[in-house]
Every structure is written in structure tokens, then in C-alpha cells.
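This is work08.cif. It holds mmCIF, C-alpha atoms and all ligand atoms.
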data_model
loop_
_atom_site.label_atom_id
_atom_site.label_comp_id
_atom_site.auth_asym_id
_atom_site.auth_seq_id
_atom_site.Cartn_x
_atom_site.Cartn_y
_atom_site.Cartn_z
CA MET A 782 27.06 -31.72 12.26
CA ILE A 783 24.09 -30.27 14.05
CA SER A 784 23.10 -27.83 11.33
CA LYS A 785 22.86 -30.49 8.65
CA PRO A 786 19.82 -32.38 9.96
CA TRP A 787 18.14 -29.04 10.64
CA ALA A 788 18.84 -27.89 7.10
CA ALA A 789 17.41 -31.13 5.79
CA LEU A 790 14.39 -30.72 8.02
CA ALA A 791 13.91 -27.11 6.89
CA ALA A 792 14.15 -28.19 3.27
CA ALA A 793 11.67 -30.98 3.91
CA ALA A 794 9.36 -28.55 5.67
CA ALA A 795 9.58 -26.12 2.77
CA LEU A 796 8.80 -28.93 0.35
CA TRP A 797 5.97 -30.12 2.56
CA SER A 798 4.38 -26.69 2.80
CA PHE A 799 4.79 -26.26 -0.94
CA GLY A 800 3.11 -29.63 -1.47
CA VAL A 801 0.29 -28.71 0.86
CA SER A 802 -0.28 -25.30 -0.67
CA ALA A 803 -0.26 -26.85 -4.13
CA GLN A 804 -3.08 -29.15 -3.00
CA ASN A 805 -4.92 -26.53 -1.01
CA ARG A 806 -8.42 -25.60 -1.97
CA PRO A 807 -8.74 -22.93 -4.65
CA ALA A 808 -8.62 -19.23 -3.77
CA PRO A 809 -12.03 -18.01 -2.58
CA PRO A 810 -14.18 -16.67 -5.41
CA ALA A 811 -15.36 -13.04 -5.41
CA THR A 812 -19.03 -14.12 -5.37
CA PRO A 813 -20.87 -17.34 -4.41
CA ARG A 814 -20.88 -20.39 -6.67
CA ILE A 815 -22.99 -23.55 -6.77
CA TYR A 816 -21.30 -26.80 -7.83
CA ILE A 817 -23.65 -29.67 -8.74
CA PHE A 818 -22.86 -33.35 -8.16
CA ASP A 819 -24.56 -36.39 -9.73
CA ASN A 820 -25.38 -38.99 -7.12
CA GLY A 821 -27.44 -41.37 -9.23
CA SER A 822 -31.12 -42.01 -9.71
CA ILE A 823 -34.22 -43.50 -8.13
CA LYS A 824 -36.30 -45.70 -10.41
CA GLY A 825 -39.37 -47.86 -10.10
CA LEU A 826 -41.29 -45.58 -7.72
CA ASP A 827 -45.04 -45.98 -7.49
CA PRO A 828 -46.63 -42.60 -8.38
CA ALA A 829 -49.40 -43.42 -5.87
CA LEU A 830 -46.85 -42.79 -3.10
CA PHE A 831 -46.99 -39.18 -4.21
CA ASN A 832 -50.75 -39.17 -4.80
CA PHE A 833 -50.43 -39.19 -8.59
CA LYS A 834 -51.48 -41.52 -11.36
CA ARG A 835 -48.78 -42.47 -13.86
CA GLU A 836 -50.39 -40.49 -16.66
CA GLU A 837 -50.41 -37.32 -14.56
CA LEU A 838 -46.61 -37.21 -14.37
CA LYS A 839 -44.28 -36.27 -17.19
CA GLU A 840 -41.40 -38.18 -15.56
CA VAL A 841 -41.68 -40.71 -12.71
CA ASP A 842 -37.98 -41.34 -12.03
CA PHE A 843 -35.83 -39.12 -9.81
CA THR A 844 -32.33 -37.85 -10.19
CA ASP A 845 -30.25 -37.69 -7.00
CA ILE A 846 -28.19 -34.52 -6.57
CA SER A 847 -26.02 -32.80 -3.97
CA TYR A 848 -24.52 -29.32 -4.01
CA LEU A 849 -21.42 -27.47 -2.87
CA ILE A 850 -21.75 -23.75 -2.20
CA VAL A 851 -18.46 -21.88 -2.33
CA HIS A 852 -18.69 -18.42 -0.79
CA PRO A 853 -15.90 -15.84 -0.41
CA ARG A 854 -15.88 -16.70 3.32
CA GLY A 855 -16.11 -20.48 3.17
CA THR A 856 -17.83 -23.62 1.92
CA LEU A 857 -21.15 -25.34 2.56
CA MET A 858 -22.11 -28.82 1.40
CA PHE A 859 -25.87 -29.30 0.97
CA ASP A 860 -26.98 -32.97 1.00
CA SER A 861 -24.67 -35.89 0.28
CA GLY A 862 -26.14 -38.34 -2.23
CA GLU A 863 -27.82 -41.70 -1.74
CA ILE A 864 -25.04 -44.31 -1.78
CA ALA A 865 -21.86 -44.14 0.31
CA ASP A 866 -18.65 -43.88 -1.71
CA SER A 867 -17.28 -46.87 0.25
CA LYS A 868 -19.83 -49.10 -1.48
CA PHE A 869 -18.33 -48.53 -4.92
CA LYS A 870 -16.03 -51.42 -5.85
CA ASP A 871 -13.82 -51.45 -8.95
CA GLY A 872 -15.66 -48.48 -10.44
CA GLN A 873 -18.81 -50.52 -10.93
CA PRO A 874 -22.29 -48.96 -10.57
CA VAL A 875 -24.08 -49.70 -7.31
CA THR A 876 -27.77 -50.53 -6.90
CA GLU A 877 -29.64 -50.60 -3.59
CA GLY A 878 -33.34 -51.22 -4.03
CA VAL A 879 -34.79 -48.35 -6.07
CA MET A 880 -31.54 -46.35 -5.79
CA SER A 881 -28.62 -46.69 -8.16
CA ALA A 882 -25.50 -44.67 -8.85
CA SER A 883 -22.55 -44.93 -11.19
CA LYS A 884 -20.27 -42.27 -9.68
CA PRO A 885 -19.01 -41.76 -6.12
CA LEU A 886 -19.31 -38.24 -4.66
CA LEU A 887 -15.82 -37.38 -3.40
CA PRO A 888 -14.06 -37.54 -6.80
CA GLN A 889 -16.66 -35.06 -8.08
CA LEU A 890 -15.93 -32.81 -5.09
CA ALA A 891 -12.19 -33.17 -5.80
CA ALA A 892 -12.78 -32.15 -9.41
CA ALA A 893 -14.01 -28.82 -8.05
CA GLY A 894 -10.83 -28.61 -5.95
CA TYR A 895 -12.16 -29.60 -2.52
CA ARG A 896 -11.78 -32.43 -0.01
CA PRO A 897 -14.23 -33.10 2.85
CA ALA A 898 -11.65 -31.45 5.17
CA ASP A 899 -12.12 -28.21 3.19
CA ILE A 900 -15.85 -28.06 3.93
CA ASN A 901 -16.74 -25.55 6.67
CA TYR A 902 -20.46 -26.24 6.95
CA PHE A 903 -22.70 -29.20 6.21
CA ALA A 904 -26.48 -29.15 5.98
CA LEU A 905 -29.06 -31.70 4.95
CA SER A 906 -32.37 -30.73 3.39
CA HIS A 907 -33.66 -33.59 5.58
CA TYR A 908 -32.64 -36.94 7.06
CA HIS A 909 -34.05 -39.34 4.40
CA GLY A 910 -31.56 -41.93 3.18
CA ASP A 911 -31.43 -40.67 -0.39
CA HIS A 912 -29.82 -37.44 0.96
CA THR A 913 -27.54 -38.81 3.70
CA GLY A 914 -25.44 -41.29 1.67
CA ASN A 915 -22.11 -39.63 2.45
CA ALA A 916 -23.10 -37.54 5.49
CA ASN A 917 -20.42 -39.18 7.65
CA GLU A 918 -17.73 -37.76 5.35
CA PHE A 919 -18.68 -34.24 6.47
CA ALA A 920 -18.70 -34.79 10.24
CA GLY A 921 -15.58 -32.59 10.45
CA ALA A 922 -17.61 -29.59 9.30
CA THR A 923 -20.08 -27.62 11.42
CA TRP A 924 -23.44 -29.35 10.96
CA ILE A 925 -26.36 -26.92 10.68
CA VAL A 926 -29.63 -28.62 11.58
CA GLN A 927 -33.09 -27.80 12.87
CA LYS A 928 -33.66 -29.11 16.40
CA ALA A 929 -36.83 -30.96 15.36
CA GLU A 930 -34.88 -32.86 12.70
CA ARG A 931 -31.94 -33.70 14.96
CA ASP A 932 -34.29 -34.96 17.68
CA PHE A 933 -35.90 -37.26 15.10
CA MET A 934 -32.52 -38.54 13.90
CA PHE A 935 -30.93 -39.12 17.29
CA GLY A 936 -33.91 -39.55 19.61
CA PRO A 937 -34.11 -42.54 21.97
CA ILE A 938 -35.44 -44.52 19.03
CA PRO A 939 -34.75 -42.86 15.66
CA GLN A 940 -38.11 -42.30 14.08
CA GLY A 941 -39.61 -41.90 10.66
CA THR A 942 -39.51 -43.50 7.26
CA ILE A 943 -36.54 -43.92 4.94
CA ILE A 944 -34.04 -43.53 7.75
CA THR A 945 -30.52 -44.97 7.57
CA VAL A 946 -28.91 -44.02 10.88
CA ASP A 947 -25.54 -45.60 9.96
CA SER A 948 -25.15 -43.18 7.05
CA PHE A 949 -25.15 -40.11 9.34
CA ILE A 950 -24.12 -41.53 12.74
CA LYS A 951 -20.88 -39.48 12.85
CA LEU A 952 -22.91 -36.24 12.80
CA LYS A 953 -23.98 -37.03 16.35
CA ASP A 954 -20.60 -35.84 17.63
CA ALA A 955 -19.98 -33.15 15.01
CA LYS A 956 -19.73 -29.49 15.95
CA THR A 957 -23.38 -28.53 15.52
CA LYS A 958 -25.35 -25.33 15.02
CA VAL A 959 -28.89 -26.14 16.20
CA LEU A 960 -31.76 -24.03 14.84
CA ASN A 961 -35.28 -23.72 16.23
CA ASN A 962 -37.57 -23.62 13.18
CA GLU A 963 -35.62 -20.58 12.02
CA ASN A 964 -33.61 -19.35 9.07
CA TYR A 965 -29.83 -19.10 9.25
CA ASP A 966 -27.59 -16.74 7.32
CA VAL A 967 -24.60 -19.05 6.91
CA PHE A 968 -21.88 -16.53 5.96
CA GLY A 969 -23.46 -13.43 7.50
CA ASP A 970 -24.01 -11.40 4.33
CA GLY A 971 -27.46 -12.67 3.30
CA THR A 972 -26.29 -14.52 0.18
CA VAL A 973 -26.52 -18.10 1.53
CA VAL A 974 -29.49 -18.66 3.84
CA LEU A 975 -30.90 -21.92 5.17
CA MET A 976 -34.67 -21.53 5.40
CA SER A 977 -36.84 -23.59 7.70
CA ALA A 978 -39.44 -25.42 5.58
CA PRO A 979 -40.90 -28.23 7.72
CA GLY A 980 -43.55 -30.73 6.72
CA HIS A 981 -41.87 -33.38 4.58
CA THR A 982 -39.89 -34.08 7.75
CA PRO A 983 -40.04 -32.23 11.11
CA GLY A 984 -37.05 -30.01 10.35
CA HIS A 985 -36.86 -29.97 6.55
CA GLN A 986 -34.98 -26.95 5.19
CA VAL A 987 -34.21 -25.37 1.83
CA LEU A 988 -31.19 -23.30 0.84
CA ALA A 989 -31.53 -19.84 -0.70
CA VAL A 990 -28.44 -18.72 -2.63
CA LYS A 991 -28.18 -15.21 -4.10
CA LEU A 992 -25.85 -15.47 -7.09
CA ALA A 993 -24.23 -12.37 -8.58
CA HIS A 994 -25.11 -13.27 -12.17
CA ARG A 995 -27.98 -15.72 -12.10
CA GLY A 996 -29.91 -14.18 -9.21
CA LEU A 997 -31.73 -16.06 -6.47
CA VAL A 998 -31.73 -19.85 -6.61
CA VAL A 999 -33.61 -21.87 -3.98
CA LEU A 1000 -32.32 -25.42 -3.59
CA ALA A 1001 -35.65 -26.89 -2.58
CA GLY A 1002 -34.65 -30.30 -1.24
CA ASP A 1003 -37.84 -32.37 -1.09
CA LEU A 1004 -40.23 -29.46 -0.60
CA TYR A 1005 -41.48 -31.00 -3.85
CA HIS A 1006 -40.46 -34.14 -5.71
CA TYR A 1007 -42.27 -33.53 -8.99
CA PRO A 1008 -42.99 -30.22 -10.78
CA GLU A 1009 -46.63 -31.40 -10.89
CA GLU A 1010 -46.80 -31.00 -7.10
CA ARG A 1011 -46.25 -27.27 -7.60
CA THR A 1012 -49.17 -26.95 -9.98
CA THR A 1013 -51.64 -29.26 -8.24
CA GLY A 1014 -50.76 -28.59 -4.58
CA ARG A 1015 -50.69 -32.33 -3.87
CA THR A 1016 -48.36 -33.68 -1.20
CA PRO A 1017 -46.76 -37.12 -0.90
CA SER A 1018 -48.59 -39.81 1.08
CA PHE A 1019 -45.70 -40.09 3.54
CA GLU A 1020 -45.33 -36.46 4.70
CA PHE A 1021 -44.54 -35.97 8.38
CA ASN A 1022 -47.16 -33.21 8.38
CA ALA A 1023 -48.88 -32.33 5.09
CA GLU A 1024 -50.42 -29.12 6.46
CA GLN A 1025 -46.97 -27.92 7.49
CA SER A 1026 -45.69 -28.82 4.01
CA LYS A 1027 -48.38 -26.67 2.42
CA ALA A 1028 -47.54 -23.72 4.68
CA SER A 1029 -43.82 -24.12 3.94
CA ARG A 1030 -44.50 -24.29 0.21
CA ALA A 1031 -46.60 -21.12 0.33
CA LYS A 1032 -43.87 -19.29 2.26
CA ILE A 1033 -41.04 -20.38 -0.07
CA GLU A 1034 -43.06 -19.73 -3.26
CA GLN A 1035 -43.76 -16.18 -2.06
CA PHE A 1036 -40.06 -15.69 -1.30
CA VAL A 1037 -39.07 -16.94 -4.77
CA LYS A 1038 -41.67 -14.70 -6.40
CA ASP A 1039 -40.66 -11.60 -4.41
CA ASN A 1040 -37.02 -12.11 -5.41
CA HIS A 1041 -37.69 -13.13 -9.04
CA GLY A 1042 -35.82 -16.33 -8.28
CA GLU A 1043 -35.64 -19.93 -9.48
CA LEU A 1044 -36.59 -23.02 -7.50
CA TRP A 1045 -34.65 -26.19 -8.18
CA ILE A 1046 -36.46 -29.38 -7.15
CA GLU A 1047 -33.60 -31.63 -6.10
CA HIS A 1048 -35.02 -34.83 -7.64
CA ASP A 1049 -36.23 -33.24 -10.88
CA ILE A 1050 -34.40 -34.63 -13.89
CA ALA A 1051 -35.41 -31.83 -16.29
CA THR A 1052 -34.21 -29.03 -13.97
CA HIS A 1053 -30.78 -30.58 -13.55
CA ALA A 1054 -30.42 -31.69 -17.17
CA ALA A 1055 -30.18 -28.00 -18.04
CA LEU A 1056 -27.45 -27.27 -15.45
CA PRO A 1057 -23.67 -27.87 -15.52
CA ARG A 1058 -21.85 -30.43 -13.37
CA SER A 1059 -18.70 -30.00 -11.28
CA PRO A 1060 -16.07 -28.74 -12.00
CA LYS A 1061 -18.28 -26.29 -13.88
CA TYR A 1062 -20.45 -24.15 -11.62
CA VAL A 1063 -23.35 -21.70 -11.57
CA ASP A 1064 -22.71 -18.19 -10.25
ZN ZN B 1 -35.40 -37.34 -1.50
#
Write the structure described by the file as C-alpha cells, please.
Amino acid sequence: MISKPWAALAAAAALWSFGVSAQNRPAPPATPRIYIFDNGSIKGLDPALFNFKREELKEVDFTDISYLIVHPRGTLMFDSGEIADSKFKDGQPVTEGVMSASKPLLPQLAAAGYRPADINYFALSHYHGDHTGNANEFAGATWIVQKAERDFMFGPIPQGTIITVDSFIKLKDAKTKVLNNENYDVFGDGTVVLMSAPGHTPGHQVLAVKLAHRGLVVLAGDLYHYPEERTTGRTPSFEFNAEQSKASRAKIEQFVKDNHGELWIEHDIATHAALPRSPKYVD
């Protein structure tokens, strides 16, 4: 009489653990991978905001991208799109001002085999609203942030332009690794390194990923918005500190050159048109 419920429970437990393991995240890869997610576009921008005339730019519109890095020792989500998944109703595209998106983020993450609960680390290139859309989803991860950026986001009065505090409010109580204008080797083997690159915002950072096959890729966040900024040295009109931006650009460009790497401008349509989307990956 007593053994029967226990047997049923044991069977249920076995089934449960089987179910869980069947849904568990994929086995860790042997070398790092970058998964790329489409988070929409930004249209109707005035090139003057970036100190350009229309005819000086090949493409004015932005794409909006986020990335998942899967490393043998864990996972890191870098940026989180521009529109919260909760705003998508009935599969319809969502438009908010200049931002629009047709696909929520989490189904794209699931296509790669991961849920937010599977993400070990979360980092933003910076706090602007077109990067923090789904930041709250990753508050269960360890948030890696520069002190100057966090102070801006959660100061007595959140400061700065393009800030949407609601979109990242849950990060306030997340387990947090605070950096002081320094680089951070996320998995300890030098293959995934957050690099301090302030200027666009006080604690802007880029992510350097050393891939076994492709080589070094720097996910540049908004170090630049347009490829033409790289060739002309111009900075946007709304930089937190344009001189800092120039110094950060010089440092990162030298790093890319020294390592024969690639630099992916997060908003650049042409760069990302040539790259695969989740569940495909770059490694
Ligand atoms: Zn941006």
C-alpha cells in the first residue's frame, strides 16, 4: 500500500527528469559560437543627427540586432533588441516611433535551443532603448556592466537620451559584475572579452569574440552606427563625450588590426545581410 504511491512518484520523477533533460539546453560546443537575432529596424532617421548629409551615406536606415555567445563554459547574451516581446500581439509587427519589428526575440533564442533561464551572463553595449528592449528577460543572469553606465541608468534621476528605464528595471536587482572602465574576460580563457569603449555613453562596451574558424570578431555596439563614421572619423551629435568616443575607436581599431579581425557595426544592414541567423551560427 505504501510502496505504490512511492513507485508512482518515482516513475513520475523519472518521466519529469527525462522531460527536463529533453528540453535542456544543447550540449556545450567545443569552441565559441555567435548566434544572431533579428530585432527589427530603425527608419526615418535624420542623417544630421549623425553629422552626415543624406548623399554622404550609402544607407540611412538601421537594422537592430542582438547576439548570443555560446562558449564551452556557458552563455552570454549581448544586447536585447528594441521592442519587448510582450508588445507583440497576434504575431503582428510592432512599430514604436522610428523603431519597428516583425519578430519577437525569445522564439529566435529558443530556435537556437536556449531559454532566458539558460543564459549565464547578460551584457549591454549601452543603455539606449534600441538595445534594452528585452533586458528584463535576462535579469536572472549575471549582469556585466561598467560602473559609469550603471550609475547613469540607476542614478537618483536616470540621465541621458534615449533611455527607457522600464525596459531594464529588473537589472537593478540582478546579480551584477561591476567593472571600472576595464575589460572583462567572461569565461576566463581570453576568447570572449568585454572591452570598455566609452564615449557614446559613459560605460559603452564592445564584445571581442575569438572564433576557432572565423578568427576575431568585435561586436561593436554603437561605437559606430554607419560604416562612413569609420572612414570620416565623424561622431554622432548626441555622444556623451565625443573625445572619449574617438579614443575608444582608436583603441578598438588598433586591436582589430593587430588581431586581423572583423568589426561588426550592430546597426549596419550590409554587415548583417551577409551573416546567418539563429539557429545557424558563426564559429
Ligand atoms: Zn543603437
Nearby residues (all atoms listed in the file) at most 7 Å from Leu857 in chain A, same-chain spacing under 3 positions excluded, as a PyMOL selection string: chain A and resi 849-851+900-903
Protein and nucleic residues near ligand ZN 1 (chain B), 8 Å, only C-alpha atoms and all ligand atoms, as a PyMOL selection string: chain A and resi 845+909-912+1002-1003+1006+1047-1048
Close residues, Leu830 in chain A itself excluded, 10 Å, all atoms listed in the file, min 5 positions apart in chain, as a PyMOL selection string: chain A and resi 1016-1019
Separation of CA of Ala1023 in chain A from CA of Gly941 in chain A, in Å and rounded to one decimal: 14.4 Å
Separation of CA of Glu863 in chain A from CA of Arg995 in chain A in Å: 28.0 Å
Straight-line distance linking CA of Thr856 in chain A with CA of Ile1033 in chain A, stated in Å to one decimal: 23.5 Å
Nearest residue to Gln986 in chain A from the set A:Val1037, A:Ala892, A:Ala929, A:Leu826 (distances using all atoms listed in the file):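 Nearest candidate to Gln986 in chain A out of A:Val1037, A:Ala892, A:Ala929, A:Leu826: A:Ala929.
Candidate residues A:Gln1035, A:Thr913, A:Ser906, A:Thr1012 were compared for distance to Gly980 in chain A, and the nearest is A:Ser906, using all atoms listed in the file.
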Point (-51.0, -32.1, -19.0), cut-off 12 Å, counting all atoms listed in the file, residues as a PyMOL selection string: chain A and resi 835-840+1008-1009+1012-1013
Nearest candidate to Val1063 in chain A (options A:Gly996, A:Pro937, A:Pro888, A:Gly894; using all atoms listed in the file): A:Gly996
Shell around Gly914 in chain A at 9 Å using all atoms listed in the file, local window under 4 positions removed, as a list in words: Asp860, Ser861, Gly862, Glu863, Ile864, Ala865, Asp866, Gly910, Thr945, Ser948 and Phe949 of chain A
Write out the residues from the selection above, keeping C-alpha atoms, as a short mmCIF file (atom, residue, chain, number, x, y, z; two decimals), in the frame of the given file.
data_model
loop_
_atom_site.label_atom_id
_atom_site.label_comp_id
_atom_site.auth_asym_id
_atom_site.auth_seq_id
_atom_site.Cartn_x
_atom_site.Cartn_y
_atom_site.Cartn_z
CA ASP A 860 -26.98 -32.97 1.00
CA SER A 861 -24.67 -35.89 0.28
CA GLY A 862 -26.14 -38.34 -2.23
CA GLU A 863 -27.82 -41.70 -1.74
CA ILE A 864 -25.04 -44.31 -1.78
CA ALA A 865 -21.86 -44.14 0.31
CA ASP A 866 -18.65 -43.88 -1.71
CA GLY A 910 -31.56 -41.93 3.18
CA THR A 945 -30.52 -44.97 7.57
CA SER A 948 -25.15 -43.18 7.05
CA PHE A 949 -25.15 -40.11 9.34
#
Within 12 Å of Pro874 in chain A using all atoms listed in the file, minus same-chain residues under 2 positions, as a list of chain:residue names: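 Returned residues: A:Asn820, A:Gly821, A:Ser822, A:Ile864, A:Ala865, A:Asp866, A:Lys868, A:Phe869, A:Lys870, A:Asp871, A:Gly872, A:Thr876, A:Glu877, A:Met880, A:Ser881, A:Ala882, A:Ser883, A:Lys884, A:Pro885.
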Residue nearest Thr957 in chain A - candidates A:Ile823, A:Leu1056, A:Ala920, A:Leu890, atoms counted: only C-alpha atoms: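 When distances to Thr957 in chain A are compared using only C-alpha atoms, the smallest one comes from A:Ala920.
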Who sits within 12 Å of Ile1046 in chain A, all atoms listed in the file, same chain under 2 positions skipped, as a ChimeraX atom specification: /A:843-847,906,987-988,998-1011,1043-1044,1048-1054
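If you measure from each of A:Ile925, A:Ala989, A:Ile817, A:Val974 to Gln889 in chain A using only C-alpha atoms, the closest one turns out to be A:Ile817.
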Please return the centre and edge lengths, in Å to one decimal, of a box with edges along x, y and z that contains all listed atoms of range 994-1004 of chain A, widened by 5 Å on every side, as JSON.
{"center_x": -32.7, "center_y": -22.8, "center_z": -6.4, "size_x": 25.1, "size_y": 29.1, "size_z": 21.6}
Distance criterion (only C-alpha atoms): nearest to His981 in chain A out of A:His907, A:Lys953, A:Arg931, A:Lys1032: A:His907
